[in-house]
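model_30.tsv follows (TSV, C-alpha atoms):
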```tsv
chain	number	residue	atom	x	y	z
W	103	MET	CA	0.00	0.00	0.00
W	104	ALA	CA	1.31	3.39	-0.96
W	105	LYS	CA	2.47	5.46	1.88
W	106	ARG	CA	0.33	8.50	2.15
W	107	SER	CA	2.14	11.55	3.23
W	108	VAL	CA	1.23	15.19	3.05
W	109	PRO	CA	2.66	16.59	-0.16
W	110	GLU	CA	5.27	19.20	0.43
W	111	VAL	CA	4.16	22.76	-0.05
W	112	ASN	CA	5.91	24.38	-2.93
W	113	ALA	CA	7.99	27.15	-1.45
W	114	GLY	CA	9.17	28.52	-4.73
W	115	SER	CA	6.86	31.50	-4.69
W	116	MET	CA	7.71	32.47	-1.12
W	117	ALA	CA	10.49	34.71	-2.29
W	118	ASP	CA	8.09	36.55	-4.54
W	119	ILE	CA	5.73	37.18	-1.66
W	120	ALA	CA	8.61	38.39	0.46
W	121	PHE	CA	9.69	40.81	-2.21
W	122	LEU	CA	6.17	42.01	-2.65
W	123	LEU	CA	5.96	42.82	1.05
W	124	LEU	CA	9.38	44.37	1.04
W	125	ILE	CA	8.48	46.69	-1.80
W	126	PHE	CA	5.18	47.56	-0.15
W	127	PHE	CA	6.88	48.64	3.06
W	128	LEU	CA	9.60	50.42	1.16
W	129	VAL	CA	7.01	52.51	-0.54
W	130	THR	CA	4.74	53.19	2.39
W	131	THR	CA	7.04	53.86	5.32
W	132	THR	CA	8.34	57.33	5.84
W	133	ILE	CA	11.23	58.08	8.06
W	134	GLU	CA	10.04	60.48	10.66
W	135	LYS	CA	11.46	63.93	10.46
W	136	ASP	CA	11.70	66.32	13.33
W	137	SER	CA	9.48	69.33	13.20
W	138	GLY	CA	9.05	72.28	15.45
W	139	ILE	CA	8.75	76.00	15.84
W	140	ASN	CA	11.70	77.93	14.50
W	141	ARG	CA	12.81	80.97	16.43
W	142	LYS	CA	15.65	83.38	16.23
W	143	LEU	CA	17.20	84.57	19.45
W	144	PRO	CA	18.17	88.20	19.79
W	145	PRO	CA	21.91	88.75	19.81
W	146	ILE	CA	23.54	90.09	22.92
W	147	GLU	CA	24.42	93.67	22.32
W	148	GLU	CA	26.18	95.65	24.90
W	149	LEU	CA	25.25	99.21	25.68
W	150	GLU	CA	22.17	98.98	23.62
W	151	GLU	CA	20.38	102.20	23.13
W	152	ASP	CA	16.86	102.03	24.34
W	153	VAL	CA	14.47	102.34	21.51
W	154	VAL	CA	11.31	104.04	22.58
W	155	ILE	CA	8.33	101.96	21.67
W	156	LYS	CA	4.87	103.24	22.30
W	157	GLN	CA	2.99	101.23	24.82
W	158	LYS	CA	0.08	100.78	22.48
W	159	ASN	CA	2.31	99.00	19.99
W	160	ILE	CA	3.26	96.31	22.46
W	161	PHE	CA	1.04	93.35	23.08
W	162	THR	CA	2.19	91.82	26.32
W	163	VAL	CA	1.57	88.17	26.91
W	164	LEU	CA	2.62	86.85	30.29
W	165	LEU	CA	2.61	83.24	31.31
W	166	ASN	CA	2.98	83.07	35.03
W	167	GLY	CA	4.32	80.28	37.18
W	168	LYS	CA	0.93	78.68	37.49
W	169	ASP	CA	0.55	78.55	33.69
W	170	GLN	CA	-2.05	81.28	33.74
W	171	LEU	CA	-2.17	83.48	30.70
W	172	LEU	CA	-2.24	87.23	31.19
W	173	VAL	CA	-2.75	89.25	28.04
W	174	GLU	CA	-2.39	93.00	28.47
W	175	ASP	CA	-2.68	92.36	32.23
W	176	GLU	CA	-5.94	90.53	31.91
W	177	LEU	CA	-6.55	86.87	32.39
W	178	MET	CA	-7.31	85.04	29.17
W	179	GLU	CA	-8.00	81.50	28.03
W	180	LEU	CA	-5.53	80.00	25.59
W	181	LYS	CA	-8.20	79.45	22.95
W	182	ASP	CA	-8.93	83.18	22.80
W	183	LEU	CA	-5.30	84.21	22.39
W	184	ARG	CA	-5.09	83.69	18.65
W	185	ALA	CA	-8.05	85.93	17.88
W	186	ALA	CA	-6.78	88.61	20.27
W	187	ALA	CA	-3.34	88.59	18.66
W	188	VAL	CA	-4.82	88.79	15.16
W	189	GLU	CA	-6.96	91.72	16.21
W	190	PHE	CA	-3.95	93.49	17.67
W	191	LEU	CA	-1.70	92.95	14.64
W	192	ASP	CA	-4.35	93.77	12.11
W	193	ASN	CA	-5.54	96.89	13.91
W	194	ASN	CA	-3.98	99.56	11.68
W	195	GLY	CA	-4.33	102.46	14.11
W	196	ASP	CA	-2.57	105.04	11.92
W	197	LYS	CA	-4.40	103.90	8.76
W	198	SER	CA	-1.13	103.50	6.83
W	199	CYS	CA	-1.62	99.83	6.14
W	200	THR	CA	-3.68	99.32	3.03
W	201	TYR	CA	-4.08	95.56	3.34
W	202	CYS	CA	-5.25	95.49	6.95
W	203	LYS	CA	-8.83	94.86	7.83
W	204	GLY	CA	-8.66	95.77	11.49
W	205	LEU	CA	-10.73	98.06	13.65
W	206	LYS	CA	-8.45	101.12	13.23
W	207	ASP	CA	-8.63	101.60	16.98
W	208	PRO	CA	-6.26	104.50	17.83
W	209	THR	CA	-5.50	102.99	21.25
W	210	SER	CA	-4.17	99.77	19.74
W	211	SER	CA	-1.24	99.09	17.39
W	212	ASP	CA	-0.34	101.52	14.61
W	213	ASN	CA	0.44	99.04	11.83
W	214	PRO	CA	1.73	95.49	11.53
W	215	ASP	CA	5.27	96.72	11.07
W	216	LYS	CA	5.26	98.50	14.41
W	217	ALA	CA	3.23	95.96	16.34
W	218	ILE	CA	5.34	93.87	18.67
W	219	ILE	CA	4.23	90.89	20.66
W	220	SER	CA	6.17	90.52	23.84
W	221	LEU	CA	6.06	87.09	25.42
W	222	LYS	CA	7.14	86.88	29.02
W	223	ASN	CA	7.41	83.81	31.13
W	224	GLU	CA	8.47	82.95	34.63
W	225	ARG	CA	10.91	80.28	35.65
W	226	GLU	CA	8.15	78.04	36.94
W	227	THR	CA	6.13	78.18	33.72
W	228	SER	CA	5.81	74.72	32.21
W	229	TYR	CA	7.34	74.16	28.83
W	230	ALA	CA	4.15	72.64	27.43
W	231	ALA	CA	2.20	75.80	28.24
W	232	TYR	CA	4.94	77.97	26.78
W	233	ILE	CA	4.94	76.03	23.51
W	234	SER	CA	1.16	76.22	23.36
W	235	VAL	CA	1.32	80.00	23.61
W	236	GLN	CA	4.13	80.23	21.06
W	237	ASN	CA	2.08	78.08	18.76
W	238	GLU	CA	-0.98	80.29	19.07
W	239	LEU	CA	1.05	83.42	18.40
W	240	VAL	CA	2.67	81.88	15.32
W	241	ALA	CA	-0.82	80.81	14.27
W	242	ALA	CA	-1.98	84.42	14.53
W	243	TYR	CA	0.80	85.57	12.23
W	244	ASN	CA	0.12	82.71	9.87
W	245	ALA	CA	-3.58	83.51	9.77
W	246	LEU	CA	-2.84	87.06	8.63
W	247	ARG	CA	-0.17	85.95	6.19
W	248	ASN	CA	-2.48	83.31	4.77
W	249	ARG	CA	-5.18	85.90	4.21
W	250	ARG	CA	-2.68	88.12	2.44
W	251	GLY	CA	-1.42	85.10	0.51
W	252	TYR	CA	-4.84	84.52	-1.00
W	253	GLU	CA	-5.07	88.17	-2.01
W	254	LEU	CA	-1.61	88.45	-3.53
W	255	GLY	CA	-1.62	84.94	-4.91
W	256	SER	CA	-4.64	85.46	-7.08
W	257	LYS	CA	-3.02	88.59	-8.49
W	258	GLU	CA	0.35	86.98	-9.16
W	259	GLY	CA	-0.94	83.76	-10.63
W	260	PHE	CA	-0.76	81.51	-7.59
W	261	LYS	CA	-4.45	80.97	-7.17
W	262	ASP	CA	-5.95	79.40	-4.05
W	263	MET	CA	-2.65	79.14	-2.31
W	264	ASN	CA	-2.18	80.47	1.19
W	265	PHE	CA	1.11	81.55	2.69
W	266	VAL	CA	1.87	78.22	4.36
W	267	GLU	CA	1.22	76.35	1.15
W	268	MET	CA	3.37	78.82	-0.76
W	269	GLN	CA	6.28	78.15	1.56
W	270	LYS	CA	5.73	74.43	1.26
W	271	ASN	CA	5.58	74.63	-2.51
W	272	TYR	CA	8.68	76.77	-2.62
W	273	LYS	CA	10.62	74.05	-0.82
W	274	ASP	CA	9.03	71.27	-2.85
W	275	ALA	CA	11.27	70.19	-5.73
W	276	ARG	CA	8.29	68.84	-7.66
W	277	PHE	CA	6.46	72.15	-7.71
W	278	VAL	CA	5.71	73.29	-11.23
W	279	GLY	CA	5.54	77.03	-11.49
W	280	ASN	CA	7.59	80.13	-11.32
W	281	LYS	CA	9.64	79.78	-8.16
W	282	VAL	CA	11.32	83.15	-8.49
W	283	LYS	CA	7.96	84.85	-8.56
W	284	LEU	CA	6.73	82.71	-5.70
W	285	LYS	CA	9.73	83.69	-3.63
W	286	ALA	CA	9.01	87.34	-4.32
W	287	VAL	CA	5.44	86.93	-3.12
W	288	ILE	CA	6.56	85.10	0.02
W	289	ASP	CA	9.10	87.79	0.79
W	290	GLN	CA	6.55	90.52	0.27
W	291	ILE	CA	4.10	88.89	2.66
W	292	LYS	CA	6.84	88.38	5.20
W	293	LEU	CA	7.65	92.06	4.91
W	294	GLU	CA	4.05	93.14	5.23
W	295	PHE	CA	3.42	91.04	8.30
W	296	PRO	CA	6.83	90.80	9.95
W	297	GLN	CA	7.03	88.37	12.82
W	298	LYS	CA	8.02	90.64	15.66
W	299	LEU	CA	7.85	88.39	18.63
W	300	SER	CA	10.14	89.16	21.48
W	301	GLU	CA	10.85	86.64	24.18
W	302	VAL	CA	11.75	88.34	27.40
W	303	GLN	CA	13.41	86.55	30.22
Q	87	MET	CA	2.76	-10.85	7.57
Q	88	SER	CA	3.17	-7.70	5.73
Q	89	LYS	CA	-0.48	-7.26	5.38
Q	90	PHE	CA	-0.85	-6.74	9.04
Q	91	LYS	CA	2.29	-4.85	9.52
Q	92	LYS	CA	1.55	-1.80	11.45
Q	93	LYS	CA	1.73	1.28	9.36
Q	94	LYS	CA	4.90	2.93	10.27
Q	95	ASP	CA	3.99	6.44	11.15
Q	96	GLY	CA	7.05	8.33	10.47
Q	97	GLY	CA	5.50	11.50	11.84
Q	98	THR	CA	4.72	14.49	9.76
Q	99	PRO	CA	7.06	15.25	6.90
Q	100	PRO	CA	9.62	17.90	7.71
Q	101	ILE	CA	8.58	21.47	7.09
Q	102	SER	CA	10.49	23.07	4.32
Q	103	THR	CA	12.77	25.76	5.58
Q	104	ALA	CA	13.59	27.06	2.16
Q	105	SER	CA	11.56	30.19	2.74
Q	106	LEU	CA	13.12	31.05	6.06
Q	107	PRO	CA	15.86	33.23	4.58
Q	108	ASP	CA	13.22	35.19	2.73
Q	109	ILE	CA	11.32	35.87	5.91
Q	110	VAL	CA	14.46	36.93	7.67
Q	111	PHE	CA	15.44	39.22	4.84
Q	112	MET	CA	11.99	40.71	4.79
Q	113	LEU	CA	12.19	41.53	8.46
Q	114	LEU	CA	15.69	42.89	8.05
Q	115	PHE	CA	14.68	45.19	5.26
Q	116	PHE	CA	11.59	46.32	7.09
Q	117	PHE	CA	13.54	47.38	10.12
Q	118	MET	CA	16.23	48.92	8.01
Q	119	VAL	CA	13.67	51.13	6.39
Q	120	ALA	CA	11.50	51.92	9.37
Q	121	THR	CA	14.05	52.69	12.04
Q	122	VAL	CA	14.98	56.20	12.91
Q	123	MET	CA	18.60	56.61	13.76
Q	124	ARG	CA	18.93	58.13	17.16
Q	125	GLU	CA	22.02	60.12	17.76
Q	126	ASN	CA	22.02	59.93	21.49
Q	127	SER	CA	20.74	57.54	24.05
Q	128	LEU	CA	18.57	59.48	26.41
Q	129	LYS	CA	19.00	59.52	30.12
Q	130	ILE	CA	16.10	61.84	30.63
Q	131	GLN	CA	12.40	61.75	30.07
Q	132	ASN	CA	11.64	63.39	26.78
Q	133	ALA	CA	7.97	63.56	25.94
Q	134	LEU	CA	7.72	66.46	23.54
Q	135	PRO	CA	4.75	68.81	23.62
Q	136	VAL	CA	2.65	69.14	20.51
Q	137	ALA	CA	1.97	72.11	18.24
Q	138	ASN	CA	0.32	72.56	14.87
Q	139	GLN	CA	2.11	75.58	13.42
Q	140	VAL	CA	5.29	73.62	12.90
Q	141	GLU	CA	7.92	73.75	10.24
Q	142	LYS	CA	10.01	70.80	9.18
Q	143	LEU	CA	13.52	70.84	10.46
Q	144	ASP	CA	15.38	70.38	7.22
Q	145	LYS	CA	18.49	68.31	7.41
Q	146	LYS	CA	20.15	70.29	4.67
Q	147	ASN	CA	21.43	72.56	7.35
Q	148	PRO	CA	23.37	71.18	10.28
Q	149	VAL	CA	21.41	70.52	13.44
Q	150	SER	CA	22.63	70.12	17.00
Q	151	TYR	CA	20.40	68.68	19.65
Q	152	ILE	CA	20.07	69.76	23.24
Q	153	TYR	CA	17.87	67.63	25.44
Q	154	MET	CA	16.19	68.69	28.64
Q	155	GLY	CA	13.98	66.82	31.03
Q	156	LYS	CA	13.72	64.96	34.27
Q	157	PRO	CA	16.26	62.18	34.74
Q	158	SER	CA	14.53	58.93	33.83
Q	159	SER	CA	14.30	55.88	36.04
Q	160	GLY	CA	17.71	54.49	36.82
Q	161	TYR	CA	19.20	57.95	36.96
Q	162	GLU	CA	17.31	59.22	39.99
Q	163	LYS	CA	20.54	60.05	41.71
Q	164	PHE	CA	20.75	63.07	39.45
Q	165	GLY	CA	17.68	64.51	41.10
Q	166	THR	CA	14.08	65.07	40.15
Q	167	GLU	CA	14.50	68.50	38.62
Q	168	ALA	CA	14.82	68.85	34.86
Q	169	ARG	CA	18.40	68.42	33.72
Q	170	LEU	CA	20.33	69.12	30.60
Q	171	GLN	CA	21.74	66.41	28.38
Q	172	LEU	CA	24.38	67.02	25.75
Q	173	ASN	CA	25.52	64.09	23.61
Q	174	ASP	CA	25.40	61.13	25.92
Q	175	GLN	CA	25.74	62.61	29.32
Q	176	PHE	CA	24.25	65.01	31.79
Q	177	ALA	CA	25.76	68.42	31.55
Q	178	ASN	CA	25.82	71.71	33.34
Q	179	LEU	CA	24.75	75.01	31.91
Q	180	ASN	CA	28.31	76.26	31.47
Q	181	GLU	CA	29.07	73.34	29.14
Q	182	VAL	CA	26.60	74.55	26.53
Q	183	GLY	CA	29.07	77.01	25.06
Q	184	ALA	CA	31.77	74.37	24.74
Q	185	PHE	CA	29.28	71.97	23.20
Q	186	ILE	CA	28.31	74.48	20.52
Q	187	SER	CA	31.97	75.21	19.77
Q	188	ALA	CA	32.62	71.49	19.40
Q	189	GLU	CA	29.64	71.13	17.07
Q	190	ARG	CA	30.86	74.05	15.02
Q	191	ALA	CA	34.36	72.67	14.83
Q	192	ALA	CA	33.00	69.52	13.22
Q	193	LEU	CA	31.34	71.49	10.45
Q	194	ARG	CA	32.57	72.86	7.20
Q	195	GLU	CA	33.23	76.52	7.58
Q	196	GLU	CA	30.57	77.74	5.18
Q	197	LEU	CA	27.89	75.84	7.06
Q	198	ILE	CA	28.62	77.30	10.48
Q	199	PRO	CA	26.18	80.24	10.23
Q	200	PHE	CA	23.39	77.82	9.37
Q	201	LEU	CA	23.77	75.68	12.45
Q	202	THR	CA	20.37	75.23	14.05
Q	203	VAL	CA	20.07	74.20	17.67
Q	204	ALA	CA	17.08	71.95	18.21
Q	205	LEU	CA	15.81	72.10	21.76
Q	206	LYS	CA	14.14	68.86	22.68
Q	207	VAL	CA	12.50	69.65	25.95
Q	208	ASP	CA	10.21	67.50	28.02
Q	209	ARG	CA	6.72	68.91	28.33
Q	210	ASP	CA	6.86	68.85	32.12
Q	211	ALA	CA	10.13	70.76	32.34
Q	212	ASN	CA	9.80	74.35	33.42
Q	213	MET	CA	10.93	77.38	31.53
Q	214	GLY	CA	13.71	78.24	33.99
Q	215	ILE	CA	16.17	75.81	32.51
Q	216	VAL	CA	15.07	76.56	28.95
Q	217	GLY	CA	15.59	80.26	29.54
Q	218	ASP	CA	19.04	79.61	30.96
Q	219	VAL	CA	20.01	77.53	27.95
Q	220	LYS	CA	18.70	80.19	25.60
Q	221	GLN	CA	20.83	82.73	27.41
Q	222	GLU	CA	23.90	80.50	27.05
Q	223	LEU	CA	23.18	80.10	23.35
Q	224	ARG	CA	22.98	83.83	22.94
Q	225	LYS	CA	26.36	84.18	24.58
Q	226	VAL	CA	27.98	81.94	21.96
Q	227	ASN	CA	25.96	83.55	19.19
Q	228	ALA	CA	24.03	80.42	18.25
Q	229	LEU	CA	20.82	82.22	17.53
Q	230	LYS	CA	18.92	79.88	15.28
Q	231	ILE	CA	16.87	77.64	17.48
Q	232	ASN	CA	14.03	75.25	16.96
Q	233	TYR	CA	11.64	74.14	19.66
Q	234	THR	CA	11.13	70.57	18.53
Q	235	THR	CA	7.57	69.43	19.02
Q	236	GLY	CA	5.24	66.73	17.93
Q	237	VAL	CA	2.31	67.49	15.70
Q	238	GLY	CA	-1.10	67.77	17.30
Q	239	ASP	CA	-3.62	70.00	18.92
Q	240	VAL	CA	-2.14	72.39	21.47
Q	241	MET	CA	-5.13	72.13	23.73
Q	242	THR	CA	-3.99	68.65	24.63
Q	243	ASN	CA	-0.81	70.13	26.14
Q	244	ILE	CA	-2.69	71.57	29.04
Q	245	LYS	CA	-4.16	69.07	31.38
```

Mind converting the file's structure to structure tokens?
Amino acid sequence: MAKRSVPEVNAGSMADIAFLLLIFFLVTTTIEKDSGINRKLPPIEELEEDVVIKQKNIFTVLLNGKDQLLVEDELMELKDLRAAAVEFLDNNGDKSCTYCKGLKDPTSSDNPDKAIISLKNERETSYAAYISVQNELVAAYNALRNRRGYELGSKEGFKDMNFVEMQKNYKDARFVGNKVKLKAVIDQIKLEFPQKLSEVQ
Amino acid sequence: MSKFKKKKDGGTPPISTASLPDIVFMLLFFFMVATVMRENSLKIQNALPVANQVEKLDKKNPVSYIYMGKPSSGYEKFGTEARLQLNDQFANLNEVGAFISAERAALREELIPFLTVALKVDRDANMGIVGDVKQELRKVNALKINYTTGVGDVMTNIK
């Protein structure tokens, strides 16, 4: 009587399956890249002459040791900070800024070029809270720059592209379009809404 | 009598191991692709806070990392306050300047002005130490910094 044994499984195609998987993972995995908020520290300058800045052009944000947020000496929730910062930057008190849509309140900032956000913290402030506030302030600048990006972009031939997307496209090697022109638009927006954020110790 | 001979059960036939190398290679390649090279082994807790207005830290420019956080378990003898880690060891504030000089010395000259210092700070650390480090960085004129964060909603930072 013939011995019955289980026939051996053909393993010839195993390598193909392995390669298939290998190629799948090769294509789908991305190596994680660090990301974060870029900042530039002020250089140490000795015997610095005090520049007189009008009080109304400074937007003071204080994070105290208990992680409470004080904006212009008043307690504020983190979620309201972005809107408050946008309102301050976009105010256009001296009516010289043609692209602003603010309230033109004479007691608030003159124009985006003069408006300074001053962020103060105490030693006991937690880093997470500090980053949250930084993030909201950057978001305020980005909101204004994005708005301006839509306006300028449609004029310059970069339709439906906000400032953040412009920057991303500028860095993207696959972007088809006039990069020189794009750079000019980005630089103009950066000039119109300069990020004047001072971190005080 | 062969007719009544008990069927010899030789057990199950051996499993073919021909595909084993493939499996091993597959795993090898997967981990080769998916792993992130870590420059330093951390002796501190380093849970980064999250933010959503982030920019990618491009590796075209040189990056130096400074870690801050509470010493992790096993290193409790270094205290429970947030500490500074440079390369592979705990460091004091006054070593920051030397660290930056060493990092600069390893770079080509034309790249030195583009050196970015990435601050990887634990979310529970307080700003005191971060402020001190920033001050040290200003002293050595390393002004480009990056607060490295994860990506997410900032409201989750505050408990």

What is the distance between CA of Ala231 in chain W and CA of Asn243 in chain Q, in Å to one decimal? 6.8 Å

So that I can check the surroundings of range 174-180 of chain Q, please list as number ranges by chain every protein, DNA and RNA residue that reaches within 10 Å of it, counting all atoms listed in the file and ignoring chain neighbours fewer than 4 positions away. Q: 125-130, 153-154, 157, 164, 169-170, 184-185, 215, 218-219, 221-222

Dump of C-alpha atoms for the selected residues, as a PDB file, in the frame of the given file:
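Result file part-v4.pdb:
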```
ATOM      1  CA  GLU Q 125      22.020  60.120  17.760  1.00  0.00           C
ATOM      2  CA  ASN Q 126      22.020  59.930  21.490  1.00  0.00           C
ATOM      3  CA  SER Q 127      20.740  57.540  24.050  1.00  0.00           C
ATOM      4  CA  LEU Q 128      18.570  59.480  26.410  1.00  0.00           C
ATOM      5  CA  LYS Q 129      19.000  59.520  30.120  1.00  0.00           C
ATOM      6  CA  ILE Q 130      16.100  61.840  30.630  1.00  0.00           C
ATOM      7  CA  TYR Q 153      17.870  67.630  25.440  1.00  0.00           C
ATOM      8  CA  MET Q 154      16.190  68.690  28.640  1.00  0.00           C
ATOM      9  CA  PRO Q 157      16.260  62.180  34.740  1.00  0.00           C
ATOM     10  CA  PHE Q 164      20.750  63.070  39.450  1.00  0.00           C
ATOM     11  CA  ARG Q 169      18.400  68.420  33.720  1.00  0.00           C
ATOM     12  CA  LEU Q 170      20.330  69.120  30.600  1.00  0.00           C
ATOM     13  CA  ALA Q 184      31.770  74.370  24.740  1.00  0.00           C
ATOM     14  CA  PHE Q 185      29.280  71.970  23.200  1.00  0.00           C
ATOM     15  CA  ILE Q 215      16.170  75.810  32.510  1.00  0.00           C
ATOM     16  CA  ASP Q 218      19.040  79.610  30.960  1.00  0.00           C
ATOM     17  CA  VAL Q 219      20.010  77.530  27.950  1.00  0.00           C
ATOM     18  CA  GLN Q 221      20.830  82.730  27.410  1.00  0.00           C
ATOM     19  CA  GLU Q 222      23.900  80.500  27.050  1.00  0.00           C
TER      20      GLU Q 222
END
```

Name all residues at most 8 Å from Asn194 in chain W (count all atoms listed in the file; drop same-chain ones fewer than 3 positions away) and give them as a PyMOL selection string. chain W and resi 191+197-199+202-207+211-214

Since we have the selection now, will you write its residues out, keeping C-alpha atoms, as a CSV table (one decimal), keeping the file's coordinate frame?
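Result saved to part.csv:
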```
chain,number,residue,atom,x,y,z
W,191,LEU,CA,-1.7,93.0,14.6
W,197,LYS,CA,-4.4,103.9,8.8
W,198,SER,CA,-1.1,103.5,6.8
W,199,CYS,CA,-1.6,99.8,6.1
W,202,CYS,CA,-5.2,95.5,7.0
W,203,LYS,CA,-8.8,94.9,7.8
W,204,GLY,CA,-8.7,95.8,11.5
W,205,LEU,CA,-10.7,98.1,13.6
W,206,LYS,CA,-8.4,101.1,13.2
W,207,ASP,CA,-8.6,101.6,17.0
W,211,SER,CA,-1.2,99.1,17.4
W,212,ASP,CA,-0.3,101.5,14.6
W,213,ASN,CA,0.4,99.0,11.8
W,214,PRO,CA,1.7,95.5,11.5
```

Nearest to chain W, chosen from Q:Thr235, Q:Ser159, Q:Asn132, Q:Thr202, with only C-alpha atoms counted in the distances: Q:Thr235

Selected residue of minimal separation from Asn140 in chain W among W:Arg276, W:Val240, W:Leu123, W:Arg106, counting only C-alpha atoms: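 Distance minimum relative to Asn140 in chain W lands on W:Val240.
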
Could you write out as a list in words the residues of chain W within 6 Å of chain Q, counting all atoms listed in the file? Met116, Ala117, Ala120, Leu124, Asp136, Ser137, Gly138, Ile139, Asn140, Arg141, Lys142, Leu143, Pro145, Arg225, Glu226, Thr227, Ser228, Tyr229, Ala230, Ser234 and Asn237 of chain W

For range 289-293 of chain W: contacts at 8 Å, only C-alpha atoms, fewer than 6 positions along chain excluded, given as an mmCIF file with C-alpha atoms, in the coordinates of the input:
```cif
data_model
loop_
_atom_site.group_PDB
_atom_site.id
_atom_site.type_symbol
_atom_site.label_atom_id
_atom_site.label_comp_id
_atom_site.auth_asym_id
_atom_site.auth_seq_id
_atom_site.Cartn_x
_atom_site.Cartn_y
_atom_site.Cartn_z
ATOM 1 C CA ARG W 247 -0.170 85.950 6.190
ATOM 2 C CA ARG W 250 -2.680 88.120 2.440
ATOM 3 C CA GLY W 251 -1.420 85.100 0.510
ATOM 4 C CA PHE W 265 1.110 81.550 2.690
#
```

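In this structure, CA of Asn223 in chain W sits 4.8 Å away from CA of Leu165 in chain W.
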
Grab the CA of Ser300 in chain W to CA of Val163 in chain W distance for me, in Å with one decimal place.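 Interatomic distance here is 10.2 Å.
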
Determine, counting only C-alpha atoms, which protein, DNA and RNA residues have an atom within 10 Å of an atom of Lys222 in chain W; residues of the same chain fewer than 6 positions away are not included. Present the result as a VMD selection string. chain W and resid 162 to 166 172 232 300 to 303

With C-alpha atoms retained, write the just-selected residues as a PDB file, keeping the file's coordinate frame.
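So again_31.pdb came out as:
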```pdb
ATOM      1  CA  THR W 162       2.190  91.820  26.320  1.00  0.00           C
ATOM      2  CA  VAL W 163       1.570  88.170  26.910  1.00  0.00           C
ATOM      3  CA  LEU W 164       2.620  86.850  30.290  1.00  0.00           C
ATOM      4  CA  LEU W 165       2.610  83.240  31.310  1.00  0.00           C
ATOM      5  CA  ASN W 166       2.980  83.070  35.030  1.00  0.00           C
ATOM      6  CA  LEU W 172      -2.240  87.230  31.190  1.00  0.00           C
ATOM      7  CA  TYR W 232       4.940  77.970  26.780  1.00  0.00           C
ATOM      8  CA  SER W 300      10.140  89.160  21.480  1.00  0.00           C
ATOM      9  CA  GLU W 301      10.850  86.640  24.180  1.00  0.00           C
ATOM     10  CA  VAL W 302      11.750  88.340  27.400  1.00  0.00           C
ATOM     11  CA  GLN W 303      13.410  86.550  30.220  1.00  0.00           C
TER      12      GLN W 303
END
```

Scan for residues within 12 Å of the point (5.8, 99.9, 14.1) in the coordinates of the file, using all atoms listed in the file, and reply as a ChimeraX atom specification. /W:153-160,191,193-196,198-199,210-219,294-298

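Using all atoms listed in the file, the contacts of Val235 in chain W at a cut-off of 8 Å, with sequence neighbours closer than 4 positions omitted, comprise W:Leu180, W:Leu183, W:Ala231, W:Leu239.
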
With all atoms listed in the file as the basis for distance, which of W:Ser256, W:Asn112, W:Ser220, W:Asn244 is at the shortest distance from Val173 in chain W?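 Nearest candidate to Val173 in chain W out of W:Ser256, W:Asn112, W:Ser220, W:Asn244: W:Ser220.
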